[in-house]
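Novice: Structure file run_19.txt (compact mmCIF, C-alpha atoms) right here:
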```
# COMPACT_ATOMS: atom_id res chain seq x y z
CA MET A 1 -7.99 12.86 2.08
CA THR A 2 -10.41 14.40 4.52
CA ASN A 3 -12.12 16.59 1.97
CA ASN A 4 -12.37 17.12 -1.74
CA SER A 5 -10.25 20.20 -1.34
CA SER A 6 -10.10 20.93 -5.05
CA SER A 7 -13.85 21.33 -5.35
CA SER A 8 -14.89 24.25 -7.50
CA ASP A 9 -17.99 24.67 -5.31
CA ALA A 10 -16.63 26.18 -2.10
CA TRP A 11 -20.02 25.88 -0.42
CA GLU A 12 -19.64 22.11 -0.37
CA HIS A 13 -17.32 22.58 2.60
CA LEU A 14 -20.04 24.05 4.80
CA PRO A 15 -21.73 20.68 5.49
CA ASP A 16 -18.30 19.32 6.42
CA LEU A 17 -17.98 22.05 9.05
CA GLU A 18 -21.46 21.34 10.34
CA ALA A 19 -20.71 17.64 10.70
CA ALA A 20 -17.31 18.23 12.30
CA SER A 21 -18.72 20.74 14.78
CA ALA A 22 -21.38 18.24 15.85
CA ASN A 23 -18.91 15.43 16.53
CA PRO A 24 -19.65 14.08 20.05
CA ALA A 25 -15.91 13.77 20.70
CA LEU A 26 -15.71 17.57 20.78
CA ALA A 27 -18.68 18.13 23.09
CA GLY A 28 -17.66 20.51 25.88
CA CYS A 29 -14.10 20.81 24.57
CA ASP A 30 -14.01 24.50 25.47
CA GLU A 31 -14.86 23.80 29.12
CA PRO A 32 -12.08 23.90 31.77
CA ASP A 33 -12.89 20.38 33.04
CA PHE A 34 -13.01 18.76 29.58
CA VAL A 35 -11.31 15.36 29.40
CA PRO A 36 -10.49 14.31 25.82
CA GLY A 37 -11.46 10.81 24.76
CA PRO A 38 -9.72 8.52 22.27
CA ASP A 39 -11.62 10.03 19.33
CA PHE A 40 -10.71 13.60 20.21
CA PRO A 41 -7.50 13.98 18.10
CA ALA A 42 -9.17 12.82 14.90
CA ALA A 43 -12.25 14.94 15.59
CA ALA A 44 -10.09 17.99 16.32
CA TYR A 45 -8.29 17.58 13.02
CA GLU A 46 -11.53 17.12 11.08
CA LEU A 47 -12.82 20.36 12.60
CA ALA A 48 -9.60 22.20 11.71
CA VAL A 49 -9.80 20.93 8.12
CA ALA A 50 -13.44 21.90 7.70
CA LEU A 51 -12.98 25.32 9.29
CA GLY A 52 -9.80 25.87 7.30
CA PHE A 53 -11.46 25.23 3.94
CA VAL A 54 -14.46 27.38 4.83
CA ARG A 55 -12.04 30.13 5.80
CA VAL A 56 -9.72 30.03 2.76
CA TYR A 57 -12.62 29.73 0.33
CA GLY A 58 -14.41 32.67 1.95
CA VAL A 59 -17.60 30.80 2.82
CA GLU A 60 -19.92 32.54 5.28
CA ALA A 61 -20.37 29.98 8.06
CA GLY A 62 -22.84 31.89 10.23
CA ASP A 63 -23.30 30.32 13.67
CA LEU A 64 -20.77 27.62 12.77
CA ASP A 65 -17.97 30.14 12.46
CA GLY A 66 -15.46 30.58 15.23
CA THR A 67 -11.89 30.02 16.37
CA LEU A 68 -10.41 26.70 17.39
CA PRO A 69 -10.13 26.33 21.18
CA PRO A 70 -6.50 25.94 22.28
CA ASN A 71 -6.81 22.24 23.14
CA VAL A 72 -8.39 21.53 19.75
CA ALA A 73 -5.59 23.47 18.05
CA VAL A 74 -2.97 21.43 19.91
CA ALA A 75 -4.53 18.11 18.90
CA ALA A 76 -5.02 19.28 15.31
CA GLY A 77 -1.44 20.51 15.12
CA LYS A 78 -0.07 17.16 16.24
CA ARG A 79 -2.25 15.34 13.71
CA LEU A 80 -1.14 17.75 10.98
CA ILE A 81 2.51 16.85 11.58
CA GLU A 82 1.61 13.16 11.27
CA ARG A 83 -0.30 13.81 8.05
CA LEU A 84 2.62 15.73 6.57
CA ALA A 85 4.97 12.84 7.35
CA ALA A 86 2.61 10.46 5.54
CA ALA A 87 2.35 12.86 2.61
CA ARG A 88 6.16 13.06 2.46
CA SER A 89 6.30 9.27 2.12
CA ARG A 90 3.79 9.40 -0.74
CA LEU A 91 5.76 12.19 -2.41
CA GLU A 92 8.94 10.10 -2.36
CA LYS A 93 7.14 7.43 -4.41
CA LEU A 94 5.41 9.85 -6.76
CA GLY A 95 8.01 9.78 -9.54
CA ASP A 96 8.03 5.99 -9.86
CA GLU A 97 4.25 5.75 -9.59
CA TRP A 98 3.80 8.47 -12.19
CA ASP A 99 6.19 6.72 -14.57
CA ALA A 100 4.23 3.49 -14.11
CA ALA A 101 0.81 5.12 -14.60
CA GLU A 102 -1.18 3.52 -17.40
CA ASP A 103 -2.24 6.85 -18.87
CA GLU A 104 -2.18 10.62 -18.37
CA ILE A 105 -5.41 10.63 -16.35
CA VAL A 106 -3.99 8.23 -13.78
CA GLY A 107 -0.73 10.17 -13.66
CA ASP A 108 -2.51 13.47 -13.11
CA ALA A 109 -4.64 11.92 -10.35
CA LEU A 110 -1.48 10.92 -8.47
CA ILE A 111 -0.27 14.52 -8.58
CA TYR A 112 -3.68 15.89 -7.56
CA GLU A 113 -3.59 13.65 -4.48
CA ILE A 114 -0.29 15.21 -3.42
CA LEU A 115 -1.53 18.75 -4.09
CA ASP A 116 -4.74 18.01 -2.20
CA ALA A 117 -2.63 17.01 0.80
CA ASP A 118 -0.73 20.29 0.58
CA LEU A 119 -3.89 22.36 0.24
CA GLU A 120 -5.41 20.65 3.26
CA ALA A 121 -2.28 21.19 5.34
CA TRP A 122 -2.18 24.88 4.42
CA ALA A 123 -5.85 25.37 5.32
CA VAL A 124 -5.33 23.70 8.70
CA LEU A 125 -2.23 25.76 9.41
CA GLU A 126 -4.14 28.95 8.66
CA VAL A 127 -6.75 28.23 11.37
CA LEU A 128 -4.05 27.11 13.81
CA ILE A 129 -2.31 30.45 13.38
CA GLU A 130 -5.67 32.22 13.70
CA SER A 131 -6.31 30.39 16.98
CA VAL A 132 -2.97 31.54 18.39
CA ARG A 133 -3.62 35.12 17.37
CA GLU A 134 -7.02 35.05 19.03
CA GLY A 135 -5.57 34.04 22.39
CA GLY A 136 -4.06 30.58 22.20
CA SER A 137 -2.38 28.86 25.10
CA LEU A 138 1.38 28.47 25.45
CA GLU A 139 1.03 24.84 24.39
CA SER A 140 -1.02 25.71 21.30
CA CYS A 141 1.54 28.37 20.33
CA ARG A 142 4.35 25.83 20.63
CA GLN A 143 2.42 23.19 18.70
CA THR A 144 1.50 25.62 15.93
CA LEU A 145 5.16 26.60 15.58
CA GLU A 146 6.14 22.93 15.27
CA ALA A 147 3.43 22.43 12.65
CA LYS A 148 4.69 25.48 10.75
CA VAL A 149 8.24 24.09 10.73
CA SER A 150 6.97 20.74 9.44
CA TYR A 151 4.92 22.45 6.76
CA THR A 152 7.90 24.52 5.62
CA ALA A 153 10.00 21.37 5.25
CA TRP A 154 7.18 19.73 3.34
CA GLN A 155 6.97 22.72 1.01
CA GLU A 156 10.68 22.45 0.25
CA ALA A 157 10.27 18.77 -0.62
CA LEU A 158 7.30 19.63 -2.82
CA GLN A 159 9.23 22.33 -4.68
CA ALA A 160 11.98 19.83 -5.39
CA GLU A 161 9.43 17.96 -7.53
CA MET A 162 8.37 21.06 -9.46
CA GLY A 163 9.24 19.57 -12.83
CA LEU A 164 6.90 16.65 -12.28
CA LEU A 165 4.17 18.74 -10.70
CA SER A 166 4.30 21.15 -13.64
CA THR A 167 2.65 18.51 -15.81
CA VAL A 168 -0.70 19.61 -14.34
CA ALA A 169 -0.08 23.36 -14.83
CA GLY A 170 -3.05 25.07 -16.42
CA THR A 171 -5.46 22.21 -15.72
CA ASN A 172 -9.01 22.80 -14.49
CA TYR A 173 -7.89 21.51 -11.10
CA ILE A 174 -5.42 24.38 -10.68
CA VAL A 175 -7.63 27.04 -12.30
CA ASN A 176 -10.67 26.13 -10.18
CA ILE A 177 -8.76 26.44 -6.92
CA ARG A 178 -7.16 29.74 -7.95
CA ASN A 179 -10.53 31.21 -8.87
CA THR A 180 -12.33 30.00 -5.75
CA LEU A 181 -9.89 31.08 -3.04
CA ALA A 182 -10.89 34.09 -0.95
CA HIS A 183 -8.89 37.14 -2.00
CA GLN A 184 -7.38 37.69 1.45
CA TYR A 185 -5.75 34.25 1.36
CA ARG A 186 -4.31 34.33 -2.15
CA ASP A 187 -1.05 35.91 -1.03
CA THR A 188 -0.38 33.07 1.44
CA ALA A 189 -1.69 30.25 -0.78
CA PRO A 190 0.60 27.34 -1.71
CA TRP A 191 3.30 28.31 -4.21
CA TRP A 192 1.93 26.03 -6.94
CA LEU A 193 -1.15 28.25 -7.19
CA GLY A 194 1.08 31.14 -8.25
CA PRO A 195 3.14 31.55 -11.44
CA ASP A 196 5.91 29.09 -10.50
CA LEU A 197 4.16 26.00 -11.84
CA ASP A 198 3.28 27.68 -15.14
CA GLU A 199 6.86 28.92 -15.55
CA ALA A 200 8.24 25.44 -14.83
CA ALA A 201 5.88 23.94 -17.41
CA ALA A 202 7.01 26.52 -19.98
CA GLU A 203 10.65 25.70 -19.26
CA GLU A 204 9.96 21.98 -19.66
CA ARG A 205 8.43 22.70 -23.07
CA ARG A 206 11.40 24.84 -24.11
CA GLN A 207 13.82 22.09 -23.15
CA ALA A 208 11.77 19.49 -25.00
CA VAL A 209 11.75 21.61 -28.15
CA ALA A 210 15.49 22.18 -27.87
CA THR A 211 16.13 18.44 -28.00
CA LEU A 212 14.18 17.94 -31.23
CA PRO A 213 16.35 17.20 -34.30
CA ARG A 214 16.79 20.18 -36.55
CA ILE A 215 15.54 19.90 -40.13
CA PRO A 216 18.30 20.98 -42.50
CA ARG A 217 17.46 23.89 -44.75
CA ARG A 218 17.21 23.26 -48.43
CA ALA A 219 20.10 24.54 -50.49
```
In structure tokens, how does this file's structure come out?
Specialist:
Amino acid sequence: MTNNSSSSDAWEHLPDLEAASANPALAGCDEPDFVPGPDFPAAAYELAVALGFVRVYGVEAGDLDGTLPPNVAVAAGKRLIERLAAARSRLEKLGDEWDAAEDEIVGDALIYEILDADLEAWAVLEVLIESVREGGSLESCRQTLEAKVSYTAWQEALQAEMGLLSTVAGTNYIVNIRNTLAHQYRDTAPWWLGPDLDEAAAEERRQAVATLPRIPRRA
């Protein structure tokens, strides 16, 4: 993971933005004659992640605030698609790894890793869309659309594992993120931060109770 996205202290993301903004690979990236180097894609993604978390957690970034330049948005969008593909591979192994976990703490950590990946992807997508709205290039618009399609497919795969993910419903991890998100982003936040996960957990409990043997009444 690029960040500890589940941190209950949203201000911890501000130093990440400061560091990402100062990356030499991004120097002059908003200039017409800028030539990206080999470290540019990774630096662009790091900036998108840091700006995305600052944005969705409502942190005042001061002079560090801004919109991603179109070329940065393009590079970040491509990297996001790659990250989602890697996350999809991890998700496919989640069930077996969770079953093999030595205890509940390890099992929960596996799920948190997946949810962290989703939260990061959502934050990046938010600033990609913001960049397009603020005057992105044709290429950045196209790349953002491709990233959105990839994210939608990833969300569908994630929802297919709702039963397993519901084992962390109501945990401090979930509650902390819900409480820390900026109000204007709560309507677009990942589905597992809404009621769906809690409802799935409740249904799992109902089904478990239904399978318990009934104690016969005394005559």
Novice: By how many Å are atom CA of Ala117 of chain A and atom CA of Ala157 of chain A apart?
Specialist: 13.1 Å
Novice: What lies within 10 Å of Gly107 of chain A using only C-alpha atoms, ignoring chain neighbours under 2 positions off, as a list of chain:residue names?
Specialist: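 Non-adjacent residues within range: A:Leu94, A:Gly95, A:Glu97, A:Trp98, A:Asp99, A:Ala100, A:Ala101, A:Glu102, A:Asp103, A:Glu104, A:Ile105, A:Ala109, A:Leu110, A:Ile111, A:Tyr112, A:Thr167, A:Val168.
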Novice: Residues as selected, C-alpha atoms, written as an mmCIF file, in the coordinates of the input, can you do that?
Specialist:
```
data_model
loop_
_atom_site.group_PDB
_atom_site.id
_atom_site.type_symbol
_atom_site.label_atom_id
_atom_site.label_comp_id
_atom_site.auth_asym_id
_atom_site.auth_seq_id
_atom_site.Cartn_x
_atom_site.Cartn_y
_atom_site.Cartn_z
ATOM 1 C CA LEU A 94 5.410 9.850 -6.760
ATOM 2 C CA GLY A 95 8.010 9.780 -9.540
ATOM 3 C CA GLU A 97 4.250 5.750 -9.590
ATOM 4 C CA TRP A 98 3.800 8.470 -12.190
ATOM 5 C CA ASP A 99 6.190 6.720 -14.570
ATOM 6 C CA ALA A 100 4.230 3.490 -14.110
ATOM 7 C CA ALA A 101 0.810 5.120 -14.600
ATOM 8 C CA GLU A 102 -1.180 3.520 -17.400
ATOM 9 C CA ASP A 103 -2.240 6.850 -18.870
ATOM 10 C CA GLU A 104 -2.180 10.620 -18.370
ATOM 11 C CA ILE A 105 -5.410 10.630 -16.350
ATOM 12 C CA ALA A 109 -4.640 11.920 -10.350
ATOM 13 C CA LEU A 110 -1.480 10.920 -8.470
ATOM 14 C CA ILE A 111 -0.270 14.520 -8.580
ATOM 15 C CA TYR A 112 -3.680 15.890 -7.560
ATOM 16 C CA THR A 167 2.650 18.510 -15.810
ATOM 17 C CA VAL A 168 -0.700 19.610 -14.340
#
```
Novice: Record the distance separating atom CA of Leu181 of chain A and atom CA of Gly58 of chain A, expressed in Å with one decimal.
Specialist: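 Calculated distance between atom CA of Leu181 of chain A and atom CA of Gly58 of chain A is 6.9 Å.
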Novice: Can you list every residue of segment 123-202 of chain A that has an atom at most 12 Å from segment 78-90 of chain A, with its nearest atom pair and the distance in Å to one decimal, using all atoms listed in the file, ordered by chain then number, as a Markdown table?
Specialist:
```
| residue | atom | partner | partner_atom | distance |
| --- | --- | --- | --- | --- |
| A:Ala123 | CA | A:Leu80 | CA | 10.6 |
| A:Val124 | CA | A:Leu80 | CA | 7.6 |
| A:Leu125 | CA | A:Leu80 | CA | 8.2 |
| A:Glu126 | CA | A:Leu80 | CA | 11.8 |
| A:Val127 | CA | A:Leu80 | CA | 11.9 |
| A:Leu128 | CA | A:Leu80 | CA | 10.2 |
| A:Glu139 | CA | A:Lys78 | CA | 11.3 |
| A:Ser140 | CA | A:Lys78 | CA | 10.0 |
| A:Arg142 | CA | A:Lys78 | CA | 10.7 |
| A:Gln143 | CA | A:Lys78 | CA | 7.0 |
| A:Thr144 | CA | A:Lys78 | CA | 8.6 |
| A:Leu145 | CA | A:Lys78 | CA | 10.8 |
| A:Glu146 | CA | A:Ile81 | CA | 8.0 |
| A:Ala147 | CA | A:Ile81 | CA | 5.8 |
| A:Lys148 | CA | A:Ile81 | CA | 8.9 |
| A:Val149 | CA | A:Ile81 | CA | 9.3 |
| A:Ser150 | CA | A:Ile81 | CA | 6.3 |
| A:Tyr151 | CA | A:Leu84 | CA | 7.1 |
| A:Thr152 | CA | A:Leu84 | CA | 10.3 |
| A:Ala153 | CA | A:Leu84 | CA | 9.4 |
| A:Trp154 | CA | A:Arg88 | CA | 6.8 |
| A:Gln155 | CA | A:Arg88 | CA | 9.8 |
| A:Glu156 | CA | A:Arg88 | CA | 10.7 |
| A:Ala157 | CA | A:Arg88 | CA | 7.7 |
| A:Leu158 | CA | A:Arg88 | CA | 8.5 |
| A:Ala160 | CA | A:Arg88 | CA | 11.9 |
| A:Glu161 | CA | A:Arg88 | CA | 11.6 |
```
Novice: Just want the 7 Å neighbourhood of segment 47-53 of chain A, counted on only C-alpha atoms, with same-chain residues fewer than 2 positions away dropped. Output as an mmCIF file with C-alpha atoms, keeping the file's coordinate frame.
Specialist:
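Result file is selection-v2.cif:
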```cif
data_model
loop_
_atom_site.group_PDB
_atom_site.id
_atom_site.type_symbol
_atom_site.label_atom_id
_atom_site.label_comp_id
_atom_site.auth_asym_id
_atom_site.auth_seq_id
_atom_site.Cartn_x
_atom_site.Cartn_y
_atom_site.Cartn_z
ATOM 1 C CA HIS A 13 -17.320 22.580 2.600
ATOM 2 C CA ASP A 16 -18.300 19.320 6.420
ATOM 3 C CA LEU A 17 -17.980 22.050 9.050
ATOM 4 C CA ALA A 20 -17.310 18.230 12.300
ATOM 5 C CA SER A 21 -18.720 20.740 14.780
ATOM 6 C CA ALA A 43 -12.250 14.940 15.590
ATOM 7 C CA ALA A 44 -10.090 17.990 16.320
ATOM 8 C CA TYR A 45 -8.290 17.580 13.020
ATOM 9 C CA ARG A 55 -12.040 30.130 5.800
ATOM 10 C CA VAL A 56 -9.720 30.030 2.760
ATOM 11 C CA TYR A 57 -12.620 29.730 0.330
ATOM 12 C CA ALA A 76 -5.020 19.280 15.310
ATOM 13 C CA GLU A 120 -5.410 20.650 3.260
ATOM 14 C CA ALA A 123 -5.850 25.370 5.320
ATOM 15 C CA VAL A 124 -5.330 23.700 8.700
ATOM 16 C CA GLU A 126 -4.140 28.950 8.660
ATOM 17 C CA VAL A 127 -6.750 28.230 11.370
#
```
Novice: Mind giving me the straight-line distance from atom CA of Glu60 of chain A to atom CA of Arg186 of chain A in Å, one decimal?
Specialist: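 So the answer is 17.4 Å.
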Novice: Kindly indicate which residue among A:Gly62, A:Gly135, A:Pro195, A:Pro24 lies nearest to Pro36 of chain A, using all atoms listed in the file for the distances.
Specialist: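 Under the stated criterion, the closest residue is A:Pro24.
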Novice: I'd like the contact shell of Val59 of chain A - 7 Å cut-off, only C-alpha atoms, skipping same-chain residues fewer than 5 positions apart - returned as an MDAnalysis selection string.
Specialist: chainID A and resid 10:11 54
Novice: Using only C-alpha atoms, can you list as a PyMOL selection string the residues within 12 Å of (-3.6, 24.0, -15.6)?
Specialist: chain A and resi 108+112+165-178+192-202
